[in-house]
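Student: This is the structure, below, for whatever I ask next.
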Amino acid sequence: MIHLSEYIAWIPMILFCGAPLAQVYLNWCKQSTKSLSQWTVFLGISGLMCSLLYDHFMCLPFAYRVMHPLILLAWTMLALQEFWYSGRKSVSKEIAYSYAAVVTIALAVLFWGGMYPLEVGFSTGWLFTILYAIFQLPQLIKNQREKSVEGLSIWYVVMLGSAACAELGIAYWRLLPIQSVLNAVRGLLVYTIFIYQFASFSKKKRAS
């Protein structure tokens, strides 16, 4: 019999997938990605590639193993929009080269994991946790520096926060590895900062 949490685990995964798609839609409406941090998108994609290895080798719930590739696809759409709307010249060459390096490393780690699955799974889990602990920092700093959240989707933020709440509950319920718990806590903290920025900067904009 499938544990109830296996079904509930789909909730945060669907929200995590919907969040970047909300931003993809807003970018399409505005025909611009100027408000996005290129480094946030890159770190997010890098973390998700680690999560694919982590899910596979640590045998996390089925929903994680199905949805994380779809979430990665959604974030890849954001990266492609940066190239399409901003033009290749405005996209840092360092980031473009970094994407190629990350894909190459991930393929090598996948091969290595066939011989040492637990070690690779545990290590990529921590790397996923570290990357996801910092991947939103460039976006938060960009918002703070520009004193604006214009161009960012509020639904992106709301869905990320809701997904983090659900994931934290599931992590405790299913006794998932500490990496999953820390990632959920990180999501809640980032969500709180994003909401503060939306409230603060929107208020200043109305006042002006």
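Chain labels run A, B, ... following the order of the structure tokens; each chain numbers its residues from 1, and ligands are numbered from 1 in the order shown.
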Would you kindly return, as a ChimeraX atom specification, each protein, DNA or RNA residue with an atom no farther than 12 Å from any atom of Trp39 (chain A), considering only C-alpha atoms and excluding same-chain residues fewer than 3 positions away?
Tutor: /A:36,42-47,78-79,82,91-96,98-99,131,134-142
Student: With C-alpha atoms retained, write the just-selected residues as a compact mmCIF listing (two decimals), in the first residue's frame.
Tutor:
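See selection20.txt below for the written result:
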# COMPACT_ATOMS: atom_id res chain seq x y z
CA LEU A 36 15.86 38.54 -13.25
CA PHE A 42 22.19 29.56 -13.11
CA LEU A 43 22.51 28.51 -9.48
CA GLY A 44 18.91 27.27 -9.49
CA ILE A 45 19.55 25.06 -12.51
CA SER A 46 22.82 23.79 -11.01
CA GLY A 47 21.07 22.91 -7.77
CA LEU A 78 13.91 30.98 -17.84
CA ALA A 79 17.53 30.62 -18.93
CA GLU A 82 17.40 35.41 -20.92
CA VAL A 91 24.34 37.36 -21.01
CA SER A 92 27.61 36.86 -19.17
CA LYS A 93 30.05 34.60 -21.03
CA GLU A 94 31.11 33.20 -17.68
CA ILE A 95 27.55 31.97 -17.08
CA ALA A 96 27.29 30.43 -20.55
CA SER A 98 29.45 27.57 -16.53
CA TYR A 99 26.29 25.91 -17.89
CA LEU A 131 23.27 25.68 -3.79
CA ILE A 134 22.30 30.64 -1.77
CA PHE A 135 20.71 30.56 -5.22
CA GLN A 136 18.14 33.27 -4.46
CA LEU A 137 20.70 35.61 -2.89
CA PRO A 138 21.69 37.28 -6.20
CA GLN A 139 18.00 38.01 -6.90
CA LEU A 140 17.41 39.38 -3.40
CA ILE A 141 20.52 41.57 -3.67
CA LYS A 142 19.45 42.80 -7.10
Student: At a cut-off of 12 Å, using only C-alpha atoms, what residues contact region 163-171 of chain A? Leave out same-chain residues fewer than 6 positions from it and give the result as a count of residues only.
Tutor: 41
Student: Which residue out of A:Leu80, A:Leu73, A:Val41, A:Met58 has the minimum interatomic distance to Glu119 (chain A) when only C-alpha atoms are used?
Tutor: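 Residue with the minimum atom-to-atom distance to Glu119 (chain A): A:Met58.
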Student: Restricting the calculation to only C-alpha atoms, which member of A:Tyr25, A:Tyr116, A:Tyr196, A:Phe201 is positioned closest to Met77 (chain A)?
Tutor: A:Tyr25
Student: Rank A:Leu21, A:Gly114, A:Leu48, A:Ser37 by their smallest atom-to-atom distance to Ala74 (chain A), using only C-alpha atoms, and report the top residue only.
Tutor: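 Nearest candidate to Ala74 (chain A) out of A:Leu21, A:Gly114, A:Leu48, A:Ser37: A:Leu21.
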Student: Would you pick out the contacts of Phe57 (chain A) at 9 Å or less, using only C-alpha atoms, so that residues sharing its chain but fewer than 4 positions from it are not included, and give the list as a ChimeraX atom specification?
Tutor: /A:52-53,113-114,117-122
Student: Go ahead and dump the residues you just picked, C-alpha atoms, as a PDB file, in the first residue's frame.
Tutor:
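Result file part-v4.pdb:
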ATOM      1  CA  LEU A  52      18.257  14.756  -9.835  1.00  0.00           C
ATOM      2  CA  LEU A  53      21.314  12.788  -8.741  1.00  0.00           C
ATOM      3  CA  GLY A 113      27.345   7.084  -8.888  1.00  0.00           C
ATOM      4  CA  GLY A 114      26.857   3.728 -10.564  1.00  0.00           C
ATOM      5  CA  PRO A 117      25.534   5.286  -5.188  1.00  0.00           C
ATOM      6  CA  LEU A 118      25.203   6.107  -1.472  1.00  0.00           C
ATOM      7  CA  GLU A 119      28.323   8.259  -1.337  1.00  0.00           C
ATOM      8  CA  VAL A 120      27.367  10.163  -4.480  1.00  0.00           C
ATOM      9  CA  GLY A 121      23.748  10.498  -3.356  1.00  0.00           C
ATOM     10  CA  PHE A 122      24.743  11.850   0.055  1.00  0.00           C
TER      11      PHE A 122
END
Student: Write out as a ChimeraX atom specification all residues of region 4-207 of chain A that DSSP puts in alpha helix (DSSP H) for this structure's backbone.
Tutor: /A:4-8,10-30,38-58,62-86,93-113,117-134,137-146,154-173,178-207
Student: Got a sec: who's within 10 Å of Gln81 (chain A), counting only C-alpha atoms, leaving out chain neighbours fewer than 5 positions off, as a count of residues only?
Tutor: 10
Student: Of the candidates A:Phe83, A:Gln23, A:Glu150, A:Ser123, which one gets nearest to Ala199 (chain A) if we count only C-alpha atoms?
Tutor: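 Counting only C-alpha atoms, the residue closest to Ala199 (chain A) is A:Glu150.
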Student: Mind giving me the straight-line distance from CA of Met49 (chain A) to CA of Leu72 (chain A) in Å, one decimal?
Tutor: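 According to the coordinates, CA of Met49 (chain A) and CA of Leu72 (chain A) are separated by 7.4 Å.
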Student: Any idea what the distance is between CA of Thr129 (chain A) and CA of Ala22 (chain A)?
Tutor: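 One can read the CA of Thr129 (chain A) to CA of Ala22 (chain A) distance as 23.5 Å.
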